[in-house]
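Reviewing the structure listed below.
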Amino acid sequence: MGSSELLRIASHEAQNPIDSSLREAFSSLHGRLRPPFSLSIPSPSEYSQLNLALAYAILTQPLSAKTHLTHLHGIVTDGYDLFTKTLISLSHHCYPKLLESPRTQLLWVSSQLVEVAAVGVESLIVSLLRQIKGGDFSDASLWLCTELLVILSQNWDWLLEEPLVITSSLFVFLRLLSDHYRLVGSMVLDKLKKMEIEFCIRVLRECFHLCLGIGRDLIRLLQDLLHAPEFSDLWRDLLLNAGKFRDSEFRDISQLYCRRTPSHFFKLRISPEMETQLRFLLTRVKWGSQKRYQAWFFMKHLGSPGAETLIIDIVRFICCSLHPSNEIIRSNVISRWAVIGWLLNCCSKNYFSANVKLALFYDWLFFDEKIDSIMNIEPAMLLMMNSINQYVDITHTLLEFLLLLVDNYDVQRREMIVNGVCKSFSLLVRKGVVHSMESLTSCSMISPALRNKLAALMSSSDLGAVDVKVAATMVSHVGFGK
Amino acid sequence: MSSAKLEADLSMVLLKDIIPAATNTINTEFILLDKGYVAQDGKETTCLALVADESASVHFLMWGDECRGFAPGDIIRLENGIFSYHKNSLVLRAGKKGKTAKVGEFCKLFVETPNMSEIKWARDHNNPKKFVQESAVSPHSRIFPPMP
């Protein structure tokens, strides 16, 4: 077999199974892919082979792609389900390896599938959105952003019927925009930024009722664009004129704070390969063996300039989407807090480390036992507690940051945040994630001022007997420490 | 399809079970942990590497294109490899008859102890053609020590 026309495969790399199956279907059927097309009805197995052959032909033969697409329109009997699934699988497993021309073809045929509202095309678009690599400002990456924005903007009526695509694309482009906004760039980047802004504002203004479904992380993302003049009107309305969003439900930004962001959103800014590797690391790798895996992960995903921004998304993903079973938690597999501690250490710029800490504590600020999961807040607590002995500066930095958030994140809604943070602490103690707060409150290596502040915070909230007891111990310990 | 079936039929061994021998009969899969410098050995380019699976590690000698083709974290399948002495050190390699291919990345467990290249082997009393393990010279690779 010659070299692949679809994927970049190095000389020592094994055959790719998806590539092989498409190529085999094409080579056995390519005689039938030219007009005049057969009028006979294919058997189910012929039908599936024909779909694979046409996918291969469309992706690798740009000059005759239109003819092949017409052929596909002619034979299709399943609403393009199989054809779309084939492209989803290719995008999910092989996008980074796709050669340039098949990439262009994939985006073209995806736009054509949107136009015919193919079965499953929404998942294809979401899969492609996931392939936009955060922190990668190469031409290929900016090109993919642009192509997807064009597809979404040109198919607005279709988009309005696809809540999953609307919310996913808003989530993705708001997140990308915060990185793109900080770059002083080329004409291509400036044009892209303008498109991203227009798209996001339009979605927020026209479909706010759907945007609410993103939950509190919508605010986290928007807050990164607070300084962007294009978003100032929107922010003013969010804070002062909720009625402008023409959504009878929406009265105040705190409603968004109260909604936990569904976990599928956090996958959107993590490539499938990163997800596989993080899951492997956090479900299989034992304490003591993690260093090589971490070094490989860093080399592959975080080593290039600009990639540091991904750490924010990874930490959010680990806290909110990667919840190991109790069996794994009890085993000697490396813990989430330790991996997050390592990631935090990988941040070299203050801007990123502040955002990583915000990602780590975000669910603490609005925590409500009824809707939130203890697993989202567990890593931050364990990282603070377990760092005391050897890395107390981490404990100190995290605690300081948390208390800063309480005072400054949203001054108007400080009470809500105080409540969320206190509830977080008390639940973590009550459920036995940590034995008590004592090691934190009695630690002489944490500044007395900080411990006083923590004690004052805990005693200020009205949280019931257990918490009062916790707060009382803390006050006495802080007093003792002085 | 037929070649994939053939591969499945090859009997795969764990690294802990390889024994020095002058035959190209080892089929196994491992993850590349570390690479040494790429060196010129006469006409051939070579590079010594540390590879491992969930049972053991071993020194793997890469030749020619393999030296630049494989990177740490790569999962490699070796077919018809040989585990034997090469210039006084015990290494696993593809040799002229064997074949290597990258089949994945990252997602494979490994241990660094024992290291099969750091074992002293002796002739079997009952069968002088065969080697048996005598003692471990070092629990792990002395060339590529474990990460601190």
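Convention: chains lettered A, B, ... in structure tokens order; per-chain residue numbering from 1; ligands numbered from 1 as shown.
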
I need the residues of segment 365-451 of chain A that end up classed as helix (DSSP H, G or I) by DSSP on the backbone, written out as a PDB file with N, CA, C and O atoms, in the first residue's frame.
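Output (result.pdb):
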ATOM      1  N   LEU A 365     -17.670  29.269  44.689  1.00  0.00           N
ATOM      2  CA  LEU A 365     -18.272  30.589  44.900  1.00  0.00           C
ATOM      3  C   LEU A 365     -19.794  30.536  44.950  1.00  0.00           C
ATOM      4  O   LEU A 365     -20.421  31.362  45.602  1.00  0.00           O
ATOM      5  N   ILE A 374     -19.941  17.549  44.928  1.00  0.00           N
ATOM      6  CA  ILE A 374     -18.788  17.715  45.818  1.00  0.00           C
ATOM      7  C   ILE A 374     -17.490  17.436  45.054  1.00  0.00           C
ATOM      8  O   ILE A 374     -16.432  17.977  45.376  1.00  0.00           O
ATOM      9  N   MET A 375     -17.592  16.634  44.004  1.00  0.00           N
ATOM     10  CA  MET A 375     -16.407  16.294  43.214  1.00  0.00           C
ATOM     11  C   MET A 375     -15.809  17.512  42.515  1.00  0.00           C
ATOM     12  O   MET A 375     -14.624  17.536  42.199  1.00  0.00           O
ATOM     13  N   ASN A 376     -16.632  18.530  42.256  1.00  0.00           N
ATOM     14  CA  ASN A 376     -16.119  19.737  41.600  1.00  0.00           C
ATOM     15  C   ASN A 376     -15.254  20.582  42.536  1.00  0.00           C
ATOM     16  O   ASN A 376     -14.380  21.311  42.090  1.00  0.00           O
ATOM     17  N   ILE A 377     -15.548  20.502  43.845  1.00  0.00           N
ATOM     18  CA  ILE A 377     -14.819  21.354  44.789  1.00  0.00           C
ATOM     19  C   ILE A 377     -13.734  20.586  45.541  1.00  0.00           C
ATOM     20  O   ILE A 377     -12.865  21.184  46.172  1.00  0.00           O
ATOM     21  N   GLU A 378     -13.783  19.275  45.441  1.00  0.00           N
ATOM     22  CA  GLU A 378     -12.839  18.432  46.182  1.00  0.00           C
ATOM     23  C   GLU A 378     -11.366  18.698  45.844  1.00  0.00           C
ATOM     24  O   GLU A 378     -10.519  18.801  46.745  1.00  0.00           O
ATOM     25  N   PRO A 379     -10.985  18.836  44.552  1.00  0.00           N
ATOM     26  CA  PRO A 379      -9.557  18.974  44.258  1.00  0.00           C
ATOM     27  C   PRO A 379      -8.901  20.194  44.917  1.00  0.00           C
ATOM     28  O   PRO A 379      -7.787  20.092  45.438  1.00  0.00           O
ATOM     29  N   ALA A 380      -9.597  21.333  44.947  1.00  0.00           N
ATOM     30  CA  ALA A 380      -9.001  22.543  45.519  1.00  0.00           C
ATOM     31  C   ALA A 380      -8.726  22.336  47.010  1.00  0.00           C
ATOM     32  O   ALA A 380      -7.670  22.710  47.529  1.00  0.00           O
ATOM     33  N   MET A 381      -9.709  21.713  47.693  1.00  0.00           N
ATOM     34  CA  MET A 381      -9.559  21.492  49.136  1.00  0.00           C
ATOM     35  C   MET A 381      -8.375  20.574  49.418  1.00  0.00           C
ATOM     36  O   MET A 381      -7.536  20.852  50.279  1.00  0.00           O
ATOM     37  N   LEU A 382      -8.320  19.458  48.679  1.00  0.00           N
ATOM     38  CA  LEU A 382      -7.238  18.503  48.925  1.00  0.00           C
ATOM     39  C   LEU A 382      -5.881  19.088  48.547  1.00  0.00           C
ATOM     40  O   LEU A 382      -4.883  18.816  49.204  1.00  0.00           O
ATOM     41  N   LEU A 383      -5.867  19.902  47.506  1.00  0.00           N
ATOM     42  CA  LEU A 383      -4.591  20.526  47.120  1.00  0.00           C
ATOM     43  C   LEU A 383      -4.103  21.458  48.234  1.00  0.00           C
ATOM     44  O   LEU A 383      -2.922  21.456  48.587  1.00  0.00           O
ATOM     45  N   MET A 384      -5.036  22.223  48.823  1.00  0.00           N
ATOM     46  CA  MET A 384      -4.641  23.119  49.927  1.00  0.00           C
ATOM     47  C   MET A 384      -4.157  22.310  51.126  1.00  0.00           C
ATOM     48  O   MET A 384      -3.117  22.599  51.707  1.00  0.00           O
ATOM     49  N   MET A 385      -4.946  21.291  51.477  1.00  0.00           N
ATOM     50  CA  MET A 385      -4.620  20.511  52.682  1.00  0.00           C
ATOM     51  C   MET A 385      -3.321  19.720  52.516  1.00  0.00           C
ATOM     52  O   MET A 385      -2.477  19.707  53.404  1.00  0.00           O
ATOM     53  N   ASN A 386      -3.183  19.057  51.376  1.00  0.00           N
ATOM     54  CA  ASN A 386      -2.040  18.165  51.194  1.00  0.00           C
ATOM     55  C   ASN A 386      -0.739  18.899  50.870  1.00  0.00           C
ATOM     56  O   ASN A 386       0.322  18.286  50.838  1.00  0.00           O
ATOM     57  N   SER A 387      -0.836  20.198  50.593  1.00  0.00           N
ATOM     58  CA  SER A 387       0.381  20.952  50.302  1.00  0.00           C
ATOM     59  C   SER A 387       0.994  21.543  51.570  1.00  0.00           C
ATOM     60  O   SER A 387       2.118  22.046  51.546  1.00  0.00           O
ATOM     61  N   VAL A 392       3.834  24.688  51.479  1.00  0.00           N
ATOM     62  CA  VAL A 392       2.843  25.542  52.136  1.00  0.00           C
ATOM     63  C   VAL A 392       2.565  26.817  51.345  1.00  0.00           C
ATOM     64  O   VAL A 392       1.484  27.402  51.441  1.00  0.00           O
ATOM     65  N   ASP A 393       3.509  27.216  50.506  1.00  0.00           N
ATOM     66  CA  ASP A 393       3.247  28.424  49.699  1.00  0.00           C
ATOM     67  C   ASP A 393       2.063  28.200  48.752  1.00  0.00           C
ATOM     68  O   ASP A 393       1.328  29.135  48.446  1.00  0.00           O
ATOM     69  N   ILE A 394       1.870  26.954  48.306  1.00  0.00           N
ATOM     70  CA  ILE A 394       0.704  26.672  47.450  1.00  0.00           C
ATOM     71  C   ILE A 394      -0.577  26.840  48.263  1.00  0.00           C
ATOM     72  O   ILE A 394      -1.525  27.507  47.835  1.00  0.00           O
ATOM     73  N   THR A 395      -0.588  26.265  49.456  1.00  0.00           N
ATOM     74  CA  THR A 395      -1.754  26.409  50.342  1.00  0.00           C
ATOM     75  C   THR A 395      -2.057  27.894  50.566  1.00  0.00           C
ATOM     76  O   THR A 395      -3.192  28.338  50.439  1.00  0.00           O
ATOM     77  N   HIS A 396      -0.994  28.623  50.868  1.00  0.00           N
ATOM     78  CA  HIS A 396      -1.130  30.043  51.166  1.00  0.00           C
ATOM     79  C   HIS A 396      -1.697  30.806  49.970  1.00  0.00           C
ATOM     80  O   HIS A 396      -2.655  31.574  50.091  1.00  0.00           O
ATOM     81  N   THR A 397      -1.102  30.587  48.807  1.00  0.00           N
ATOM     82  CA  THR A 397      -1.550  31.282  47.588  1.00  0.00           C
ATOM     83  C   THR A 397      -3.011  30.970  47.285  1.00  0.00           C
ATOM     84  O   THR A 397      -3.786  31.857  46.925  1.00  0.00           O
ATOM     85  N   LEU A 398      -3.368  29.696  47.434  1.00  0.00           N
ATOM     86  CA  LEU A 398      -4.740  29.311  47.095  1.00  0.00           C
ATOM     87  C   LEU A 398      -5.738  29.921  48.073  1.00  0.00           C
ATOM     88  O   LEU A 398      -6.767  30.476  47.662  1.00  0.00           O
ATOM     89  N   LEU A 399      -5.420  29.838  49.340  1.00  0.00           N
ATOM     90  CA  LEU A 399      -6.333  30.383  50.348  1.00  0.00           C
ATOM     91  C   LEU A 399      -6.472  31.898  50.181  1.00  0.00           C
ATOM     92  O   LEU A 399      -7.574  32.456  50.231  1.00  0.00           O
ATOM     93  N   GLU A 400      -5.357  32.539  49.937  1.00  0.00           N
ATOM     94  CA  GLU A 400      -5.363  33.984  49.732  1.00  0.00           C
ATOM     95  C   GLU A 400      -6.239  34.343  48.527  1.00  0.00           C
ATOM     96  O   GLU A 400      -7.052  35.262  48.570  1.00  0.00           O
ATOM     97  N   PHE A 401      -6.083  33.555  47.457  1.00  0.00           N
ATOM     98  CA  PHE A 401      -6.853  33.817  46.246  1.00  0.00           C
ATOM     99  C   PHE A 401      -8.346  33.623  46.499  1.00  0.00           C
ATOM    100  O   PHE A 401      -9.174  34.430  46.085  1.00  0.00           O
ATOM    101  N   LEU A 402      -8.680  32.553  47.209  1.00  0.00           N
ATOM    102  CA  LEU A 402     -10.090  32.281  47.505  1.00  0.00           C
ATOM    103  C   LEU A 402     -10.710  33.437  48.290  1.00  0.00           C
ATOM    104  O   LEU A 402     -11.814  33.891  47.982  1.00  0.00           O
ATOM    105  N   LEU A 403      -9.971  33.927  49.282  1.00  0.00           N
ATOM    106  CA  LEU A 403     -10.515  35.010  50.099  1.00  0.00           C
ATOM    107  C   LEU A 403     -10.602  36.315  49.311  1.00  0.00           C
ATOM    108  O   LEU A 403     -11.511  37.118  49.511  1.00  0.00           O
ATOM    109  N   LEU A 404      -9.672  36.494  48.386  1.00  0.00           N
ATOM    110  CA  LEU A 404      -9.749  37.656  47.483  1.00  0.00           C
ATOM    111  C   LEU A 404     -10.994  37.571  46.602  1.00  0.00           C
ATOM    112  O   LEU A 404     -11.676  38.570  46.364  1.00  0.00           O
ATOM    113  N   LEU A 405     -11.274  36.362  46.118  1.00  0.00           N
ATOM    114  CA  LEU A 405     -12.469  36.172  45.290  1.00  0.00           C
ATOM    115  C   LEU A 405     -13.724  36.533  46.081  1.00  0.00           C
ATOM    116  O   LEU A 405     -14.624  37.190  45.564  1.00  0.00           O
ATOM    117  N   VAL A 406     -13.778  36.076  47.320  1.00  0.00           N
ATOM    118  CA  VAL A 406     -14.956  36.348  48.151  1.00  0.00           C
ATOM    119  C   VAL A 406     -15.205  37.852  48.225  1.00  0.00           C
ATOM    120  O   VAL A 406     -16.323  38.319  48.055  1.00  0.00           O
ATOM    121  N   ASP A 407     -14.136  38.607  48.419  1.00  0.00           N
ATOM    122  CA  ASP A 407     -14.307  40.053  48.579  1.00  0.00           C
ATOM    123  C   ASP A 407     -14.501  40.803  47.268  1.00  0.00           C
ATOM    124  O   ASP A 407     -15.126  41.846  47.233  1.00  0.00           O
ATOM    125  N   ASN A 408     -13.931  40.273  46.203  1.00  0.00           N
ATOM    126  CA  ASN A 408     -13.885  41.091  44.981  1.00  0.00           C
ATOM    127  C   ASN A 408     -14.578  40.528  43.748  1.00  0.00           C
ATOM    128  O   ASN A 408     -14.753  41.239  42.781  1.00  0.00           O
ATOM    129  N   VAL A 411     -18.890  42.218  44.005  1.00  0.00           N
ATOM    130  CA  VAL A 411     -19.140  42.931  45.260  1.00  0.00           C
ATOM    131  C   VAL A 411     -20.638  43.017  45.557  1.00  0.00           C
ATOM    132  O   VAL A 411     -21.069  42.894  46.698  1.00  0.00           O
ATOM    133  N   GLN A 412     -21.426  43.209  44.491  1.00  0.00           N
ATOM    134  CA  GLN A 412     -22.881  43.319  44.647  1.00  0.00           C
ATOM    135  C   GLN A 412     -23.497  42.036  45.210  1.00  0.00           C
ATOM    136  O   GLN A 412     -24.553  42.065  45.815  1.00  0.00           O
ATOM    137  N   ARG A 413     -22.870  40.924  44.917  1.00  0.00           N
ATOM    138  CA  ARG A 413     -23.449  39.633  45.323  1.00  0.00           C
ATOM    139  C   ARG A 413     -22.519  38.897  46.292  1.00  0.00           C
ATOM    140  O   ARG A 413     -22.448  37.677  46.302  1.00  0.00           O
ATOM    141  N   ARG A 414     -21.827  39.682  47.094  1.00  0.00           N
ATOM    142  CA  ARG A 414     -20.837  39.111  48.008  1.00  0.00           C
ATOM    143  C   ARG A 414     -21.462  38.089  48.959  1.00  0.00           C
ATOM    144  O   ARG A 414     -20.883  37.038  49.223  1.00  0.00           O
ATOM    145  N   GLU A 415     -22.652  38.395  49.421  1.00  0.00           N
ATOM    146  CA  GLU A 415     -23.302  37.518  50.393  1.00  0.00           C
ATOM    147  C   GLU A 415     -23.495  36.112  49.822  1.00  0.00           C
ATOM    148  O   GLU A 415     -23.261  35.104  50.500  1.00  0.00           O
ATOM    149  N   MET A 416     -23.908  36.076  48.560  1.00  0.00           N
ATOM    150  CA  MET A 416     -24.121  34.802  47.887  1.00  0.00           C
ATOM    151  C   MET A 416     -22.812  34.002  47.833  1.00  0.00           C
ATOM    152  O   MET A 416     -22.778  32.795  48.060  1.00  0.00           O
ATOM    153  N   ILE A 417     -21.721  34.707  47.559  1.00  0.00           N
ATOM    154  CA  ILE A 417     -20.425  34.047  47.425  1.00  0.00           C
ATOM    155  C   ILE A 417     -19.909  33.566  48.790  1.00  0.00           C
ATOM    156  O   ILE A 417     -19.413  32.451  48.922  1.00  0.00           O
ATOM    157  N   VAL A 418     -20.097  34.399  49.812  1.00  0.00           N
ATOM    158  CA  VAL A 418     -19.715  33.997  51.173  1.00  0.00           C
ATOM    159  C   VAL A 418     -20.427  32.693  51.519  1.00  0.00           C
ATOM    160  O   VAL A 418     -19.828  31.723  51.999  1.00  0.00           O
ATOM    161  N   ASN A 419     -21.706  32.682  51.201  1.00  0.00           N
ATOM    162  CA  ASN A 419     -22.520  31.512  51.469  1.00  0.00           C
ATOM    163  C   ASN A 419     -21.997  30.269  50.729  1.00  0.00           C
ATOM    164  O   ASN A 419     -21.861  29.193  51.302  1.00  0.00           O
ATOM    165  N   GLY A 420     -21.682  30.447  49.456  1.00  0.00           N
ATOM    166  CA  GLY A 420     -21.186  29.337  48.638  1.00  0.00           C
ATOM    167  C   GLY A 420     -19.879  28.772  49.173  1.00  0.00           C
ATOM    168  O   GLY A 420     -19.716  27.550  49.308  1.00  0.00           O
ATOM    169  N   VAL A 421     -18.969  29.659  49.535  1.00  0.00           N
ATOM    170  CA  VAL A 421     -17.653  29.216  50.013  1.00  0.00           C
ATOM    171  C   VAL A 421     -17.785  28.512  51.366  1.00  0.00           C
ATOM    172  O   VAL A 421     -17.193  27.454  51.595  1.00  0.00           O
ATOM    173  N   CYS A 422     -18.609  29.098  52.253  1.00  0.00           N
ATOM    174  CA  CYS A 422     -18.783  28.464  53.571  1.00  0.00           C
ATOM    175  C   CYS A 422     -19.439  27.090  53.434  1.00  0.00           C
ATOM    176  O   CYS A 422     -19.051  26.132  54.099  1.00  0.00           O
ATOM    177  N   LYS A 423     -20.432  27.018  52.558  1.00  0.00           N
ATOM    178  CA  LYS A 423     -21.099  25.728  52.333  1.00  0.00           C
ATOM    179  C   LYS A 423     -20.108  24.714  51.788  1.00  0.00           C
ATOM    180  O   LYS A 423     -20.172  23.532  52.116  1.00  0.00           O
ATOM    181  N   SER A 424     -19.208  25.169  50.944  1.00  0.00           N
ATOM    182  CA  SER A 424     -18.207  24.258  50.376  1.00  0.00           C
ATOM    183  C   SER A 424     -17.338  23.674  51.480  1.00  0.00           C
ATOM    184  O   SER A 424     -17.189  22.459  51.591  1.00  0.00           O
ATOM    185  N   PHE A 425     -16.790  24.573  52.316  1.00  0.00           N
ATOM    186  CA  PHE A 425     -15.933  24.101  53.412  1.00  0.00           C
ATOM    187  C   PHE A 425     -16.689  23.116  54.298  1.00  0.00           C
ATOM    188  O   PHE A 425     -16.183  22.046  54.633  1.00  0.00           O
ATOM    189  N   SER A 426     -17.914  23.503  54.663  1.00  0.00           N
ATOM    190  CA  SER A 426     -18.605  22.679  55.651  1.00  0.00           C
ATOM    191  C   SER A 426     -18.985  21.319  55.060  1.00  0.00           C
ATOM    192  O   SER A 426     -18.879  20.303  55.726  1.00  0.00           O
ATOM    193  N   LEU A 427     -19.371  21.292  53.782  1.00  0.00           N
ATOM    194  CA  LEU A 427     -19.718  19.999  53.170  1.00  0.00           C
ATOM    195  C   LEU A 427     -18.485  19.094  53.065  1.00  0.00           C
ATOM    196  O   LEU A 427     -18.557  17.891  53.326  1.00  0.00           O
ATOM    197  N   LEU A 428     -17.356  19.687  52.712  1.00  0.00           N
ATOM    198  CA  LEU A 428     -16.130  18.894  52.558  1.00  0.00           C
ATOM    199  C   LEU A 428     -15.719  18.254  53.894  1.00  0.00           C
ATOM    200  O   LEU A 428     -15.217  17.132  53.926  1.00  0.00           O
ATOM    201  N   VAL A 429     -15.974  18.982  54.994  1.00  0.00           N
ATOM    202  CA  VAL A 429     -15.677  18.413  56.311  1.00  0.00           C
ATOM    203  C   VAL A 429     -16.732  17.367  56.670  1.00  0.00           C
ATOM    204  O   VAL A 429     -16.416  16.249  57.080  1.00  0.00           O
ATOM    205  N   ARG A 430     -17.992  17.739  56.453  1.00  0.00           N
ATOM    206  CA  ARG A 430     -19.095  16.849  56.822  1.00  0.00           C
ATOM    207  C   ARG A 430     -19.004  15.506  56.087  1.00  0.00           C
ATOM    208  O   ARG A 430     -19.271  14.458  56.650  1.00  0.00           O
ATOM    209  N   GLU A 438      -8.817  21.874  60.851  1.00  0.00           N
ATOM    210  CA  GLU A 438      -7.792  22.232  61.817  1.00  0.00           C
ATOM    211  C   GLU A 438      -6.412  22.451  61.208  1.00  0.00           C
ATOM    212  O   GLU A 438      -5.736  23.428  61.506  1.00  0.00           O
ATOM    213  N   SER A 439      -6.030  21.534  60.324  1.00  0.00           N
ATOM    214  CA  SER A 439      -4.666  21.682  59.794  1.00  0.00           C
ATOM    215  C   SER A 439      -4.511  22.987  59.014  1.00  0.00           C
ATOM    216  O   SER A 439      -3.421  23.534  58.898  1.00  0.00           O
ATOM    217  N   LEU A 440      -5.632  23.493  58.500  1.00  0.00           N
ATOM    218  CA  LEU A 440      -5.578  24.763  57.775  1.00  0.00           C
ATOM    219  C   LEU A 440      -5.567  25.937  58.768  1.00  0.00           C
ATOM    220  O   LEU A 440      -4.788  26.881  58.629  1.00  0.00           O
ATOM    221  N   THR A 441      -6.446  25.833  59.766  1.00  0.00           N
ATOM    222  CA  THR A 441      -6.622  26.971  60.666  1.00  0.00           C
ATOM    223  C   THR A 441      -5.534  27.055  61.732  1.00  0.00           C
ATOM    224  O   THR A 441      -5.300  28.110  62.295  1.00  0.00           O
ATOM    225  N   PRO A 448      -1.200  34.797  60.061  1.00  0.00           N
ATOM    226  CA  PRO A 448      -2.330  34.978  60.988  1.00  0.00           C
ATOM    227  C   PRO A 448      -3.432  35.826  60.357  1.00  0.00           C
ATOM    228  O   PRO A 448      -4.612  35.562  60.566  1.00  0.00           O
ATOM    229  N   ALA A 449      -3.046  36.825  59.571  1.00  0.00           N
ATOM    230  CA  ALA A 449      -4.053  37.697  58.958  1.00  0.00           C
ATOM    231  C   ALA A 449      -5.004  36.875  58.087  1.00  0.00           C
ATOM    232  O   ALA A 449      -6.218  37.056  58.114  1.00  0.00           O
ATOM    233  N   LEU A 450      -4.417  35.973  57.336  1.00  0.00           N
ATOM    234  CA  LEU A 450      -5.208  35.137  56.437  1.00  0.00           C
ATOM    235  C   LEU A 450      -6.122  34.209  57.235  1.00  0.00           C
ATOM    236  O   LEU A 450      -7.300  34.036  56.905  1.00  0.00           O
ATOM    237  N   ARG A 451      -5.563  33.656  58.308  1.00  0.00           N
ATOM    238  CA  ARG A 451      -6.361  32.736  59.122  1.00  0.00           C
ATOM    239  C   ARG A 451      -7.491  33.469  59.828  1.00  0.00           C
ATOM    240  O   ARG A 451      -8.594  32.953  59.965  1.00  0.00           O
TER     241      ARG A 451
END

Set the cut-off to 6 Å and count only C-alpha atoms: what are the residues of chain A that reach chain B? Output as a PyMOL selection string. chain A and resi 12-14

Nearest-residue call for Gly303 of chain A, choices A:Ala53, A:Thr283, A:Trp337, A:Cys347, using only C-alpha atoms: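 Under the stated criterion, the closest residue is A:Cys347.
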
Rank nothing, just name the residue among B:Asn27, B:Ser117, B:Asn80, B:Asn127 nearest to Gly98 of chain B, using only C-alpha atoms. B:Asn80

Might you pull out every residue within 8 Å of Ala22 of chain B, with only C-alpha atoms counted and same-chain residues fewer than 5 positions away left off, and present them as a VMD selection string? chain B and resid 82 to 84

With C-alpha atoms kept, could you save the residues just selected as a tab-separated table (two decimals), in the first residue's frame?
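Writing done, so here's again20.tsv:
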chain	number	residue	atom	x	y	z
B	82	ILE	CA	15.94	-10.29	19.02
B	83	PHE	CA	17.22	-10.01	22.59
B	84	SER	CA	20.95	-10.63	22.56

Please extract the residues of segment 21-148 of chain B with a backbone DSSP assignment of strand (DSSP E) and present them as a VMD selection string. chain B and resid 26 to 41 44 to 52 57 to 63 74 to 86 89 to 93 99 to 105 119 to 123 131 to 136

Counting only C-alpha atoms, what is within 9 Å of Ser4 of chain A, bar same-chain residues fewer than 5 positions away, as JSON, numbers by chain? {"A": [9, 19, 20, 23]}

Distance of atom CA of Leu106 of chain A from atom CA of His73 of chain A, expressed in Å to one decimal place: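 Distance between the two atoms: 16.5 Å.
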
Mind pulling up the distance from atom CA of Tyr257 of chain A to atom CA of Gly215 of chain A?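 Taking atom CA of Gly215 of chain A and atom CA of Tyr257 of chain A, their separation equals 6.8 Å.
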
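Pairwise distance (atom CA of Val188 of chain A, atom CA of Trp143 of chain A) equals 8.8 Å.
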
I'd like the neighbourhood of Ile31 of chain B as a VMD selection string, where a residue qualifies if any of its atoms comes within 6 Å (using only C-alpha atoms), though same-chain residues fewer than 2 positions away should be ignored. chain B and resid 51 to 52 74 to 75

Env of Glu118 of chain B: 12 Å cut, atoms = only C-alpha atoms, seq-sep filter 4 positions within chain, self excluded. Answer as a PyMOL selection string. chain B and resi 50+56-59+85+89-91+112-114+133-145

If we count only C-alpha atoms and set the cut-off at 6 Å, which residues sit around Leu48 of chain B, ignoring sequence neighbours fewer than 2 positions away in its own chain? Please answer as a list of chain:residue names. B:Gly36, B:Phe60, B:Leu61
